[in-house]
>>> print(open('structure10.cif').read())   # mmCIF, C-alpha atoms
data_input
#
loop_
_atom_site.label_atom_id
_atom_site.label_comp_id
_atom_site.auth_asym_id
_atom_site.auth_seq_id
_atom_site.Cartn_x
_atom_site.Cartn_y
_atom_site.Cartn_z
CA MET A 1 -19.56 4.25 -28.55
CA THR A 2 -16.60 6.61 -28.23
CA HIS A 3 -13.78 7.40 -30.65
CA PHE A 4 -10.60 7.51 -28.51
CA GLY A 5 -7.34 9.08 -29.59
CA ILE A 6 -3.98 8.10 -28.08
CA LEU A 7 -0.97 10.39 -27.59
CA CYS A 8 2.20 8.79 -26.21
CA PRO A 9 5.96 8.62 -26.85
CA ALA A 10 7.17 6.42 -29.68
CA ALA A 11 9.09 4.07 -27.36
CA ILE A 12 8.04 0.41 -27.15
CA GLY A 13 7.67 0.64 -23.37
CA HIS A 14 4.97 3.29 -23.79
CA LEU A 15 3.35 1.94 -26.97
CA ASN A 16 2.79 -1.59 -25.65
CA PRO A 17 0.59 -0.72 -22.65
CA MET A 18 -1.24 1.99 -24.61
CA CYS A 19 -1.98 -0.41 -27.46
CA ALA A 20 -3.10 -3.12 -25.02
CA LEU A 21 -5.49 -0.57 -23.52
CA GLY A 22 -6.65 0.51 -26.97
CA ARG A 23 -7.33 -3.08 -28.00
CA GLU A 24 -9.40 -3.67 -24.86
CA LEU A 25 -11.49 -0.59 -25.65
CA GLN A 26 -11.93 -1.87 -29.21
CA ARG A 27 -13.19 -5.20 -27.87
CA ARG A 28 -15.83 -3.17 -26.02
CA GLY A 29 -17.02 -1.60 -29.25
CA HIS A 30 -15.10 1.68 -29.21
CA ARG A 31 -12.94 3.08 -31.98
CA VAL A 32 -9.29 3.82 -31.17
CA THR A 33 -6.74 5.81 -33.19
CA LEU A 34 -3.13 6.32 -32.20
CA PHE A 35 -1.45 9.50 -33.45
CA GLY A 36 2.26 8.93 -34.03
CA ILE A 37 5.36 9.38 -36.13
CA PRO A 38 6.07 7.30 -39.27
CA ASP A 39 8.46 4.88 -37.56
CA VAL A 40 5.72 3.33 -35.42
CA GLN A 41 2.94 3.16 -38.00
CA SER A 42 3.46 -0.45 -39.12
CA LYS A 43 3.83 -1.72 -35.53
CA VAL A 44 0.66 0.02 -34.33
CA MET A 45 -1.38 -1.12 -37.31
CA LYS A 46 -0.21 -4.71 -36.82
CA ALA A 47 -1.49 -4.40 -33.27
CA GLY A 48 -4.92 -3.75 -34.77
CA LEU A 49 -5.38 -0.06 -33.98
CA ASP A 50 -6.15 2.74 -36.38
CA PHE A 51 -3.19 5.05 -37.00
CA TRP A 52 -2.86 8.66 -38.08
CA THR A 53 0.60 9.90 -39.05
CA ILE A 54 1.88 13.17 -37.62
CA GLY A 55 5.38 14.65 -37.47
CA GLU A 56 6.60 13.41 -40.86
CA ALA A 57 8.82 16.45 -41.39
CA GLU A 58 10.31 16.62 -37.87
CA PHE A 59 10.54 12.85 -37.37
CA PRO A 60 11.18 11.26 -40.80
CA LEU A 61 11.27 7.50 -41.24
CA GLY A 62 14.38 6.07 -39.58
CA ILE A 63 14.86 8.82 -36.97
CA LEU A 64 13.65 6.61 -34.14
CA GLU A 65 16.46 4.09 -34.59
CA GLN A 66 18.99 6.95 -34.63
CA ASN A 67 17.59 8.28 -31.35
CA TYR A 68 17.55 4.79 -29.85
CA LYS A 69 21.21 4.36 -30.80
CA GLN A 70 22.22 7.65 -29.15
CA LEU A 71 20.25 7.01 -25.97
CA GLY A 72 21.50 3.44 -25.82
CA GLU A 73 25.05 4.72 -25.47
CA MET A 74 24.18 7.06 -22.58
CA SER A 75 23.57 6.65 -18.89
CA GLY A 76 22.63 8.75 -15.87
CA LEU A 77 22.10 12.49 -16.30
CA ALA A 78 23.24 12.48 -19.93
CA GLY A 79 20.46 10.06 -20.85
CA LEU A 80 17.91 12.10 -18.93
CA LYS A 81 18.96 15.31 -20.70
CA PHE A 82 18.74 13.60 -24.08
CA THR A 83 15.24 12.36 -23.29
CA VAL A 84 14.09 15.84 -22.24
CA GLY A 85 15.43 17.23 -25.53
CA TRP A 86 13.55 14.54 -27.43
CA PHE A 87 10.34 15.40 -25.57
CA LYS A 88 10.81 19.11 -26.31
CA GLN A 89 11.02 18.43 -30.04
CA GLU A 90 8.01 16.13 -29.82
CA MET A 91 6.02 18.75 -27.88
CA ALA A 92 6.54 21.40 -30.56
CA MET A 93 5.36 18.93 -33.20
CA LEU A 94 2.28 17.93 -31.20
CA PHE A 95 1.20 21.53 -30.62
CA GLY A 96 1.61 22.22 -34.31
CA GLU A 97 -0.06 19.16 -35.82
CA ALA A 98 -2.08 17.14 -33.31
CA PRO A 99 -5.10 19.46 -32.82
CA SER A 100 -6.04 19.59 -36.51
CA ALA A 101 -5.51 15.84 -36.93
CA ILE A 102 -7.59 14.98 -33.86
CA LYS A 103 -10.36 17.33 -34.93
CA ALA A 104 -10.37 16.09 -38.54
CA LEU A 105 -10.78 12.50 -37.42
CA GLY A 106 -13.65 13.24 -35.05
CA VAL A 107 -11.93 11.99 -31.89
CA GLU A 108 -14.17 12.36 -28.82
CA ALA A 109 -11.78 11.61 -25.94
CA LEU A 110 -8.03 11.31 -25.45
CA LEU A 111 -5.78 8.84 -23.63
CA ILE A 112 -2.58 10.71 -22.86
CA ASP A 113 0.69 9.30 -21.56
CA GLN A 114 1.74 11.08 -18.37
CA VAL A 115 5.05 12.20 -19.88
CA THR A 116 3.36 13.68 -22.97
CA LEU A 117 3.03 17.07 -21.28
CA ALA A 118 1.46 18.71 -24.34
CA GLY A 119 -1.54 16.37 -24.20
CA GLY A 120 -3.65 18.06 -21.55
CA THR A 121 -3.33 21.46 -23.20
CA ILE A 122 -4.33 19.99 -26.56
CA ALA A 123 -7.37 18.35 -24.93
CA ASP A 124 -8.34 21.65 -23.27
CA PHE A 125 -7.98 23.52 -26.56
CA LEU A 126 -10.26 21.01 -28.30
CA ASN A 127 -12.62 20.82 -25.29
CA LEU A 128 -12.18 17.05 -25.10
CA PRO A 129 -12.16 14.87 -21.97
CA PHE A 130 -8.85 13.13 -21.38
CA ILE A 131 -7.42 10.41 -19.17
CA THR A 132 -3.81 10.37 -17.95
CA VAL A 133 -2.04 7.01 -18.25
CA CYS A 134 1.22 6.41 -16.32
CA ASN A 135 3.02 3.84 -18.47
CA ALA A 136 6.44 4.52 -16.96
CA LEU A 137 7.09 5.29 -13.31
CA LEU A 138 4.56 7.84 -12.10
CA VAL A 139 6.06 11.31 -11.74
CA ASN A 140 3.44 12.73 -9.31
CA ARG A 141 5.31 14.62 -6.61
CA GLU A 142 5.00 14.79 -2.86
CA ALA A 143 7.44 15.68 -0.11
CA GLY A 144 8.08 12.19 1.22
CA VAL A 145 8.64 10.47 -2.14
CA PRO A 146 12.07 10.61 -3.82
CA PRO A 147 12.13 12.08 -7.36
CA TYR A 148 11.49 9.44 -10.01
CA PHE A 149 14.97 9.64 -11.56
CA THR A 150 16.84 8.91 -8.30
CA HIS A 151 17.91 5.69 -6.64
CA TRP A 152 16.99 7.08 -3.21
CA GLN A 153 15.04 4.96 -0.76
CA TYR A 154 11.88 6.19 0.93
CA SER A 155 12.12 7.84 4.34
CA ASP A 156 9.70 10.11 6.16
CA SER A 157 12.49 11.89 8.02
CA TRP A 158 13.16 15.64 7.76
CA TRP A 159 16.47 15.10 5.99
CA ALA A 160 14.84 12.89 3.34
CA HIS A 161 12.23 15.57 2.68
CA TRP A 162 15.05 18.11 2.27
CA ARG A 163 16.94 15.72 -0.04
CA ASN A 164 13.79 15.19 -2.13
CA GLN A 165 13.27 18.94 -2.38
CA VAL A 166 16.79 19.36 -3.76
CA GLY A 167 16.18 16.56 -6.28
CA ASN A 168 12.92 18.11 -7.43
CA PHE A 169 14.68 21.46 -7.82
CA MET A 170 17.18 19.77 -10.13
CA ILE A 171 14.50 18.15 -12.29
CA ASN A 172 12.59 21.44 -12.39
CA ARG A 173 15.63 23.14 -13.90
CA LEU A 174 16.15 20.35 -16.40
CA THR A 175 12.52 20.26 -17.55
CA LYS A 176 11.89 24.03 -17.44
CA PRO A 177 11.93 24.34 -21.27
CA LEU A 178 9.01 21.87 -21.44
CA ARG A 179 6.92 23.72 -18.87
CA ASP A 180 7.74 27.08 -20.44
CA ARG A 181 6.55 25.80 -23.82
CA VAL A 182 3.26 24.69 -22.29
CA VAL A 183 2.81 28.10 -20.63
CA GLN A 184 3.44 29.80 -23.97
CA GLN A 185 0.98 27.59 -25.83
CA ARG A 186 -1.78 27.98 -23.26
CA ARG A 187 -1.36 31.75 -23.44
CA GLN A 188 -1.49 31.61 -27.25
CA TRP A 189 -4.66 29.51 -27.18
CA GLN A 190 -6.16 31.72 -24.46
CA LEU A 191 -6.42 28.88 -21.96
CA PRO A 192 -6.18 29.46 -18.20
CA PRO A 193 -2.64 28.92 -16.82
CA TYR A 194 -1.76 25.86 -14.81
CA ALA A 195 -1.52 26.57 -11.09
CA SER A 196 0.56 23.50 -10.20
CA GLN A 197 2.29 20.41 -11.56
CA GLU A 198 -0.86 18.33 -10.96
CA ASP A 199 -2.79 20.46 -13.47
CA PHE A 200 -0.91 18.73 -16.28
CA TYR A 201 -2.80 15.52 -15.50
CA SER A 202 -6.44 14.55 -15.93
CA GLN A 203 -8.95 15.58 -13.29
CA LEU A 204 -11.28 12.79 -14.44
CA ALA A 205 -8.99 9.77 -13.99
CA GLN A 206 -5.32 8.95 -13.74
CA ILE A 207 -4.37 5.33 -14.41
CA CYS A 208 -1.06 3.80 -13.31
CA GLN A 209 0.15 0.35 -14.31
CA LEU A 210 1.71 -0.31 -10.91
CA PRO A 211 0.00 -2.08 -8.06
CA ALA A 212 -0.12 0.21 -5.03
CA GLU A 213 2.02 -2.28 -3.08
CA TYR A 214 4.97 -1.66 -5.43
CA ASP A 215 5.05 2.11 -4.95
CA PHE A 216 6.47 4.10 -2.06
CA PRO A 217 3.90 5.26 0.54
CA ARG A 218 1.88 8.21 -0.75
CA VAL A 219 -0.66 10.51 0.89
CA ASN A 220 -1.26 13.27 -1.68
CA LEU A 221 -2.34 11.55 -4.88
CA ALA A 222 -5.34 12.99 -6.69
CA PRO A 223 -8.69 11.46 -5.62
CA CYS A 224 -9.06 10.14 -9.19
CA PHE A 225 -5.68 8.34 -9.20
CA HIS A 226 -5.94 4.57 -9.72
CA TYR A 227 -3.27 1.89 -9.33
CA THR A 228 -4.67 -0.65 -11.79
CA GLY A 229 -1.64 -2.85 -12.24
CA PRO A 230 -0.11 -3.78 -15.62
CA LEU A 231 -1.81 -2.88 -18.89
CA GLN A 232 -1.03 -6.21 -20.50
CA GLU A 233 -2.85 -8.47 -22.91
CA PRO A 234 -4.38 -11.53 -21.20
CA SER A 235 -2.26 -13.70 -23.49
CA GLY A 236 0.94 -12.06 -22.21
CA LEU A 237 1.94 -11.22 -25.78
CA GLU A 238 3.11 -7.71 -26.59
CA PRO A 239 0.76 -5.96 -29.05
CA VAL A 240 3.59 -3.78 -30.38
CA SER A 241 6.83 -5.61 -30.95
CA PHE A 242 9.58 -6.35 -33.40
CA PRO A 243 9.03 -8.95 -36.14
CA SER A 244 8.67 -12.39 -34.62
CA ILE A 245 11.96 -14.22 -34.28
CA SER A 246 12.10 -17.90 -33.49
CA PHE A 247 13.72 -18.83 -30.19
CA PRO A 248 15.60 -22.12 -29.72
CA PHE A 249 13.53 -23.45 -26.84
CA GLU A 250 15.01 -26.88 -27.52
CA LYS A 251 18.36 -25.56 -26.19
CA LEU A 252 16.96 -24.97 -22.72
CA THR A 253 18.46 -27.60 -20.43
CA GLY A 254 15.98 -27.60 -17.57
CA LYS A 255 18.41 -25.96 -15.18
CA PRO A 256 17.19 -22.83 -13.35
CA LEU A 257 16.85 -20.17 -16.04
CA ILE A 258 18.34 -16.68 -15.71
CA TYR A 259 16.86 -14.35 -18.31
CA ALA A 260 18.72 -11.08 -19.00
CA SER A 261 17.30 -8.20 -21.02
CA LEU A 262 18.16 -4.50 -21.14
CA GLY A 263 15.07 -3.62 -23.17
CA THR A 264 14.94 -1.91 -26.55
CA LEU A 265 16.54 1.43 -25.61
CA GLN A 266 19.54 0.76 -23.37
CA ASN A 267 20.72 -2.36 -25.15
CA ARG A 268 23.91 -1.29 -26.87
CA ASN A 269 26.32 -1.42 -23.96
CA TRP A 270 28.11 -4.69 -24.66
CA GLU A 271 30.19 -4.35 -21.47
CA ILE A 272 27.06 -4.88 -19.37
CA PHE A 273 26.20 -8.09 -21.23
CA GLN A 274 29.83 -9.18 -20.75
CA SER A 275 29.54 -8.62 -16.99
CA ILE A 276 26.25 -10.53 -16.87
CA ALA A 277 27.76 -13.51 -18.67
CA GLU A 278 30.87 -13.53 -16.45
CA ALA A 279 28.71 -13.30 -13.33
CA CYS A 280 26.75 -16.41 -14.30
CA VAL A 281 29.79 -18.59 -14.98
CA GLY A 282 29.96 -21.39 -12.43
CA LEU A 283 26.35 -21.06 -11.30
CA ASP A 284 24.08 -24.08 -11.53
CA ALA A 285 21.83 -22.20 -13.95
CA GLN A 286 21.40 -21.47 -17.65
CA LEU A 287 21.69 -17.90 -18.94
CA VAL A 288 19.64 -16.48 -21.82
CA ILE A 289 20.49 -12.99 -23.04
CA SER A 290 18.15 -10.97 -25.26
CA LEU A 291 19.90 -8.05 -26.95
CA GLY A 292 16.55 -6.30 -27.50
CA ASN A 293 17.44 -5.41 -31.08
CA PRO A 294 16.46 -7.69 -33.99
CA ASN A 295 19.03 -5.92 -36.18
CA SER A 296 21.91 -6.71 -33.84
CA GLN A 297 24.89 -8.51 -35.34
CA GLU A 298 26.34 -9.36 -31.92
CA SER A 299 24.53 -12.64 -31.34
CA GLY A 300 27.43 -14.62 -32.74
CA THR A 301 29.91 -13.01 -30.35
CA SER A 302 31.37 -15.41 -27.83
CA LEU A 303 30.54 -14.70 -24.20
CA PRO A 304 31.86 -16.47 -21.10
CA GLY A 305 29.90 -19.55 -20.17
CA SER A 306 28.33 -19.91 -23.63
CA PRO A 307 24.90 -18.44 -22.81
CA ILE A 308 22.10 -18.45 -25.35
CA VAL A 309 22.31 -15.00 -26.96
CA VAL A 310 19.59 -13.84 -29.33
CA PRO A 311 18.88 -10.48 -30.98
CA TYR A 312 15.33 -10.51 -29.66
CA ALA A 313 13.32 -12.97 -27.59
CA PRO A 314 9.71 -13.85 -26.74
CA HIS A 315 9.94 -11.74 -23.62
CA GLN A 316 7.11 -12.89 -21.38
CA GLN A 317 7.44 -16.56 -22.35
CA LEU A 318 11.02 -16.57 -21.08
CA ILE A 319 10.14 -14.59 -17.95
CA GLU A 320 7.54 -17.21 -17.06
CA ARG A 321 10.18 -19.95 -17.31
CA ALA A 322 12.81 -17.98 -15.38
CA SER A 323 14.01 -18.33 -11.80
CA LEU A 324 15.55 -14.86 -12.01
CA VAL A 325 15.38 -11.89 -14.38
CA ILE A 326 18.30 -9.48 -14.83
CA THR A 327 17.01 -6.14 -16.07
CA HIS A 328 17.87 -2.46 -16.55
CA ALA A 329 14.75 -1.80 -14.43
CA GLY A 330 12.55 -0.88 -17.34
CA MET A 331 8.91 -0.75 -16.31
CA ASN A 332 7.60 -3.42 -18.67
CA THR A 333 10.27 -5.99 -17.77
CA THR A 334 9.94 -5.30 -14.05
CA ILE A 335 6.16 -5.50 -14.00
CA GLY A 336 6.20 -8.50 -16.35
CA SER A 337 8.54 -10.33 -13.98
CA LEU A 338 6.51 -9.54 -10.88
CA SER A 339 3.31 -10.54 -12.71
CA SER A 340 4.89 -13.97 -13.01
CA GLY A 341 6.23 -14.00 -9.44
CA VAL A 342 9.86 -13.90 -10.61
CA PRO A 343 12.45 -11.97 -8.54
CA LEU A 344 14.93 -9.59 -10.16
CA VAL A 345 18.43 -8.22 -10.20
CA ALA A 346 18.38 -4.65 -11.52
CA ILE A 347 21.15 -2.65 -13.22
CA PRO A 348 19.47 0.75 -13.70
CA ILE A 349 20.99 2.94 -16.40
CA THR A 350 19.07 6.21 -16.88
CA ASN A 351 15.74 8.10 -16.84
CA GLU A 352 13.26 6.58 -14.36
CA GLN A 353 15.11 3.25 -14.09
CA PRO A 354 16.89 4.15 -10.79
CA GLY A 355 13.47 4.93 -9.27
CA ILE A 356 12.02 1.62 -10.46
CA ALA A 357 15.07 -0.20 -9.10
CA ALA A 358 14.68 1.59 -5.75
CA ARG A 359 11.20 0.10 -5.51
CA ILE A 360 12.58 -3.37 -6.26
CA ALA A 361 14.80 -2.95 -3.20
CA TRP A 362 11.94 -1.40 -1.16
CA THR A 363 9.61 -4.33 -1.82
CA GLY A 364 12.32 -6.95 -1.30
CA THR A 365 11.62 -8.46 -4.73
CA GLY A 366 15.23 -8.30 -5.85
CA GLU A 367 18.66 -6.75 -5.61
CA VAL A 368 20.06 -3.59 -7.24
CA VAL A 369 23.58 -3.22 -8.62
CA PRO A 370 24.27 0.43 -9.58
CA LEU A 371 25.91 0.83 -12.97
CA LYS A 372 28.91 2.63 -11.44
CA LYS A 373 29.52 -0.34 -9.14
CA LEU A 374 28.86 -3.05 -11.73
CA SER A 375 31.39 -5.84 -11.97
CA ALA A 376 31.09 -9.56 -12.55
CA GLN A 377 31.87 -10.11 -8.87
CA SER A 378 29.29 -7.67 -7.46
CA LEU A 379 26.66 -8.94 -9.88
CA GLN A 380 27.33 -12.59 -9.05
CA LYS A 381 26.92 -11.88 -5.33
CA ALA A 382 23.54 -10.26 -6.00
CA ILE A 383 22.44 -13.14 -8.25
CA LYS A 384 23.41 -15.73 -5.64
CA ARG A 385 21.51 -13.90 -2.91
CA VAL A 386 18.33 -13.71 -4.97
CA LEU A 387 18.55 -17.35 -6.09
CA THR A 388 19.28 -18.78 -2.65
CA GLN A 389 17.38 -16.59 -0.16
CA GLU A 390 13.73 -17.53 0.00
CA SER A 391 12.52 -14.01 0.89
CA TYR A 392 13.02 -12.65 -2.64
CA LYS A 393 10.80 -15.29 -4.22
CA LYS A 394 8.25 -14.91 -1.45
CA ASN A 395 8.07 -11.16 -1.98
CA ALA A 396 7.81 -11.57 -5.75
CA LEU A 397 4.86 -13.91 -5.22
CA ARG A 398 3.30 -11.34 -2.86
CA LEU A 399 3.56 -8.71 -5.60
CA GLN A 400 2.17 -11.20 -8.12
CA GLU A 401 -0.95 -11.55 -6.00
CA ALA A 402 -1.21 -7.76 -5.57
CA ILE A 403 -1.06 -7.37 -9.36
CA LYS A 404 -3.84 -9.94 -9.80
CA GLN A 405 -6.01 -8.05 -7.31
CA ALA A 406 -5.32 -4.63 -8.90
CA GLY A 407 -7.59 -5.32 -11.88
CA GLY A 408 -5.26 -4.59 -14.78
CA LEU A 409 -6.59 -3.95 -18.25
CA ASN A 410 -10.26 -4.57 -17.47
CA ARG A 411 -10.33 -2.24 -14.51
CA ALA A 412 -8.48 0.48 -16.44
CA ALA A 413 -10.99 0.24 -19.30
CA ASP A 414 -13.92 0.37 -16.83
CA ILE A 415 -12.52 3.57 -15.30
CA ILE A 416 -12.00 5.16 -18.71
CA GLU A 417 -15.53 4.34 -19.88
CA GLN A 418 -17.04 5.74 -16.69
CA ALA A 419 -14.99 8.93 -16.82
CA VAL A 420 -15.80 9.65 -20.44
CA SER A 421 -19.50 8.80 -20.22
CA THR A 422 -20.17 10.82 -17.06
CA ARG A 423 -17.58 13.60 -17.53
CA LYS A 424 -17.10 13.38 -13.74
CA PRO A 425 -14.03 12.30 -11.77
CA VAL A 426 -13.84 8.57 -11.08
CA LEU A 427 -12.77 8.43 -7.45
CA ALA A 428 -10.35 5.77 -6.31
CA GLN A 429 -11.30 3.36 -3.57
CA ILE A 430 -9.77 4.25 -0.22
CA HIS A 431 -7.97 0.91 -0.06
CA GLN A 432 -6.62 -0.04 -3.49
#
>>> encode(input="structure10.cif", output="structure tokens")
Amino acid sequence: MTHFGILCPAAIGHLNPMCALGRELQRRGHRVTLFGIPDVQSKVMKAGLDFWTIGEAEFPLGILEQNYKQLGEMSGLAGLKFTVGWFKQEMAMLFGEAPSAIKALGVEALLIDQVTLAGGTIADFLNLPFITVCNALLVNREAGVPPYFTHWQYSDSWWAHWRNQVGNFMINRLTKPLRDRVVQQRRQWQLPPYASQEDFYSQLAQICQLPAEYDFPRVNLAPCFHYTGPLQEPSGLEPVSFPSISFPFEKLTGKPLIYASLGTLQNRNWEIFQSIAEACVGLDAQLVISLGNPNSQESGTSLPGSPIVVPYAPHQQLIERASLVITHAGMNTTIGSLSSGVPLVAIPITNEQPGIAARIAWTGTGEVVPLKKLSAQSLQKAIKRVLTQESYKKNALRLQEAIKQAGGLNRAADIIEQAVSTRKPVLAQIHQ
């Protein structure tokens, strides 16, 4: 059996799929250790994985909530810049501490989040096989696909290729400090330089928790790239979560349920929740709002229409009961909704959320209301369209079936075991 190590960002949206994958590998007899900062130790250990603390000096206990608070008050480019700065600090810590910790614990293979750009270099330095896991929106580039941080729709026209090139130039400038740090470290460790962006990712297997049907058309993915669908526990429960909080299910009236959640990062903009509540007034539906923060003191605040407002909610249980989900277009909420065949209305805020929302529009599984154009009126129009036009539900059910066929957690674990045992690339099927 293999001892796997996990490197990923400390955000819930990255930890949950990684821990679900780790638990599946444990069920198969492997050992799994996640290397992370102090703030996530208790959550990871409650999920049943081994944990090794790194970054205590750079990321002391409590720093994660401070970062969440700052990011939660940002949108657009400002949020993206903040995230890049966060990743730069994390990268320096990983290069300094992760190799010795991984070596000391006898780890034999690594599972590395795609946005943890230090991971592949650390694996090369330690001569360990590694698998890339795309927990957020995949960032693999090709000419016809809009950059992940944009709201742009897919087009194979010459002008769209030019537009995408400009967008990629912008993200190259923004993320240059990260790439430069990798170049410096590889030189210091006497490793061969990367020739292209794709070299950051595993050449054995790349796993993405989208179904292929949800992504834009692609022609240049690596032969070992696999769309496995969501990395979710069979029970639907999140392995890494906040302390359990009871939800007043007895208050549900039986009317069509609208469930609204802005996740655990972008959840501090009360004006968005206000717009959501106003938009649902007068609809023949019941609104539930999760603030995504168990420490929130806002749940007693009065909102139009008297929705059920809770600091934190049993996410997937409410999605399964919902007729519609209103989301910031976070990956876990979006994929969780489509897994249950529930259409969406997206209000993307920052980072990869505009790209995820663009795919909601592309697949016809929901409507998108840009943050700059958000009002109660524009949101209500979108909600009414999704609730009354049959095509949205039909497309959500189509994606639900695609997710079932993609293989999910079991298929991802099969690919990982094969890659690590053979040390050879696991080639994707031609038709995924």
>>> residues_around(input="structure10.cif", residues="segment 319-321 of chain A", least_positions_apart="5", cutoff="12 Å", atoms="only C-alpha atoms", output="ChimeraX atom specification")
/A:236-237,249,252-261,286-290,313-314,326-327,332-344
>>> atom_distance(input="structure10.cif", atom1="atom CA of Pro239 of chain A", atom2="atom CA of Ala47 of chain A")
5.0 Å
>>> resolve_selection(input="structure10.cif", expression="the PyMOL selection byres ((chain A and resi 168-170) around 12)", output="list in words")
Leu77, Leu80, Lys81, Val139, Asn140, Arg141, Glu142, Ala143, Gly144, Val145, Pro146, Pro147, Tyr148, Phe149, Thr150, His161, Trp162, Arg163, Asn164, Gln165, Val166, Gly167, Ile171, Asn172, Arg173, Leu174, Thr175, Lys176 and Gln197 of chain A
>>> atom_distance(input="structure10.cif", atom1="atom CA of Val84 of chain A", atom2="atom CA of Leu178 of chain A")
7.9 Å
>>> closest_atom_pairs(input="structure10.cif", of="segment 195-262 of chain A", to="segment 109-117 of chain A", cutoff="10 Å", atoms="only C-alpha atoms", output="JSON lines")
{"residue": "A:Phe200", "atom": "CA", "partner": "A:Leu117", "partner_atom": "CA", "distance": 6.6}
{"residue": "A:Tyr201", "atom": "CA", "partner": "A:Gln114", "partner_atom": "CA", "distance": 7.0}
{"residue": "A:Ser202", "atom": "CA", "partner": "A:Ile112", "partner_atom": "CA", "distance": 8.8}
{"residue": "A:Gln206", "atom": "CA", "partner": "A:Gln114", "partner_atom": "CA", "distance": 8.7}
{"residue": "A:Ile207", "atom": "CA", "partner": "A:Gln114", "partner_atom": "CA", "distance": 9.3}
{"residue": "A:Cys208", "atom": "CA", "partner": "A:Gln114", "partner_atom": "CA", "distance": 9.3}
>>> write_last_selection(input="structure10.cif", atoms="C-alpha atoms", output="mmCIF file, keeping the file's coordinate frame")
data_model
loop_
_atom_site.group_PDB
_atom_site.id
_atom_site.type_symbol
_atom_site.label_atom_id
_atom_site.label_comp_id
_atom_site.auth_asym_id
_atom_site.auth_seq_id
_atom_site.Cartn_x
_atom_site.Cartn_y
_atom_site.Cartn_z
ATOM 1 C CA PHE A 200 -0.910 18.730 -16.280
ATOM 2 C CA TYR A 201 -2.800 15.520 -15.500
ATOM 3 C CA SER A 202 -6.440 14.550 -15.930
ATOM 4 C CA GLN A 206 -5.320 8.950 -13.740
ATOM 5 C CA ILE A 207 -4.370 5.330 -14.410
ATOM 6 C CA CYS A 208 -1.060 3.800 -13.310
#
>>> atom_distance(input="structure10.cif", atom1="atom CA of Leu397 of chain A", atom2="atom CA of Gln153 of chain A")
21.9 Å
>>> closest_residue(input="structure10.cif", among="A:Pro60, A:Gly5, A:Pro193, A:Gly96", to="Glu108 of chain A", atoms="only C-alpha atoms")
A:Gly5
>>> resolve_selection(input="structure10.cif", expression="the PyMOL selection byres ((chain A and resi 8-25) around 6)", output="JSON, numbers by chain")
{"A": [7, 26, 27, 28, 30, 32, 113, 116, 135, 231, 232, 233, 239, 240]}
>>> residues_near_point(input="structure10.cif", point="(0.6, -3.3, -10.1)", cutoff="9 Å", atoms="all atoms listed in the file", output="MDAnalysis selection string")
chainID A and resid 208:215 227:230 335 338:339 399:400 402:408
>>> closest_residue(input="structure10.cif", among="A:Gly85, A:Gly79, A:Gly330, A:Gly120", to="Pro99 of chain A", atoms="all atoms listed in the file")
A:Gly120
>>> build_atoms(input="structure10.cif", residues="segment 354-364 of chain A", atoms="N, CA and C atoms", output="PDB file, in the coordinates of the input")
ATOM      1  N   PRO A 354      16.457   4.197 -12.203  1.00  0.00           N
ATOM      2  CA  PRO A 354      16.890   4.150 -10.790  1.00  0.00           C
ATOM      3  C   PRO A 354      15.712   4.162  -9.811  1.00  0.00           C
ATOM      4  N   GLY A 355      14.644   4.901 -10.137  1.00  0.00           N
ATOM      5  CA  GLY A 355      13.470   4.930  -9.270  1.00  0.00           C
ATOM      6  C   GLY A 355      12.732   3.602  -9.256  1.00  0.00           C
ATOM      7  N   ILE A 356      12.651   2.944 -10.401  1.00  0.00           N
ATOM      8  CA  ILE A 356      12.020   1.620 -10.460  1.00  0.00           C
ATOM      9  C   ILE A 356      12.863   0.613  -9.674  1.00  0.00           C
ATOM     10  N   ALA A 357      14.184   0.700  -9.830  1.00  0.00           N
ATOM     11  CA  ALA A 357      15.070  -0.200  -9.100  1.00  0.00           C
ATOM     12  C   ALA A 357      14.971   0.025  -7.589  1.00  0.00           C
ATOM     13  N   ALA A 358      14.822   1.296  -7.181  1.00  0.00           N
ATOM     14  CA  ALA A 358      14.680   1.590  -5.750  1.00  0.00           C
ATOM     15  C   ALA A 358      13.459   0.903  -5.175  1.00  0.00           C
ATOM     16  N   ARG A 359      12.418   0.774  -5.967  1.00  0.00           N
ATOM     17  CA  ARG A 359      11.200   0.100  -5.510  1.00  0.00           C
ATOM     18  C   ARG A 359      11.369  -1.418  -5.490  1.00  0.00           C
ATOM     19  N   ILE A 360      12.240  -1.943  -6.343  1.00  0.00           N
ATOM     20  CA  ILE A 360      12.580  -3.370  -6.260  1.00  0.00           C
ATOM     21  C   ILE A 360      13.229  -3.654  -4.907  1.00  0.00           C
ATOM     22  N   ALA A 361      14.156  -2.780  -4.515  1.00  0.00           N
ATOM     23  CA  ALA A 361      14.800  -2.950  -3.200  1.00  0.00           C
ATOM     24  C   ALA A 361      13.796  -2.733  -2.069  1.00  0.00           C
ATOM     25  N   TRP A 362      12.924  -1.732  -2.197  1.00  0.00           N
ATOM     26  CA  TRP A 362      11.940  -1.400  -1.160  1.00  0.00           C
ATOM     27  C   TRP A 362      10.986  -2.561  -0.896  1.00  0.00           C
ATOM     28  N   THR A 363      10.565  -3.235  -1.965  1.00  0.00           N
ATOM     29  CA  THR A 363       9.610  -4.330  -1.820  1.00  0.00           C
ATOM     30  C   THR A 363      10.284  -5.668  -1.533  1.00  0.00           C
ATOM     31  N   GLY A 364      11.611  -5.705  -1.559  1.00  0.00           N
ATOM     32  CA  GLY A 364      12.320  -6.950  -1.300  1.00  0.00           C
ATOM     33  C   GLY A 364      12.159  -7.979  -2.393  1.00  0.00           C
TER      34      GLY A 364
END
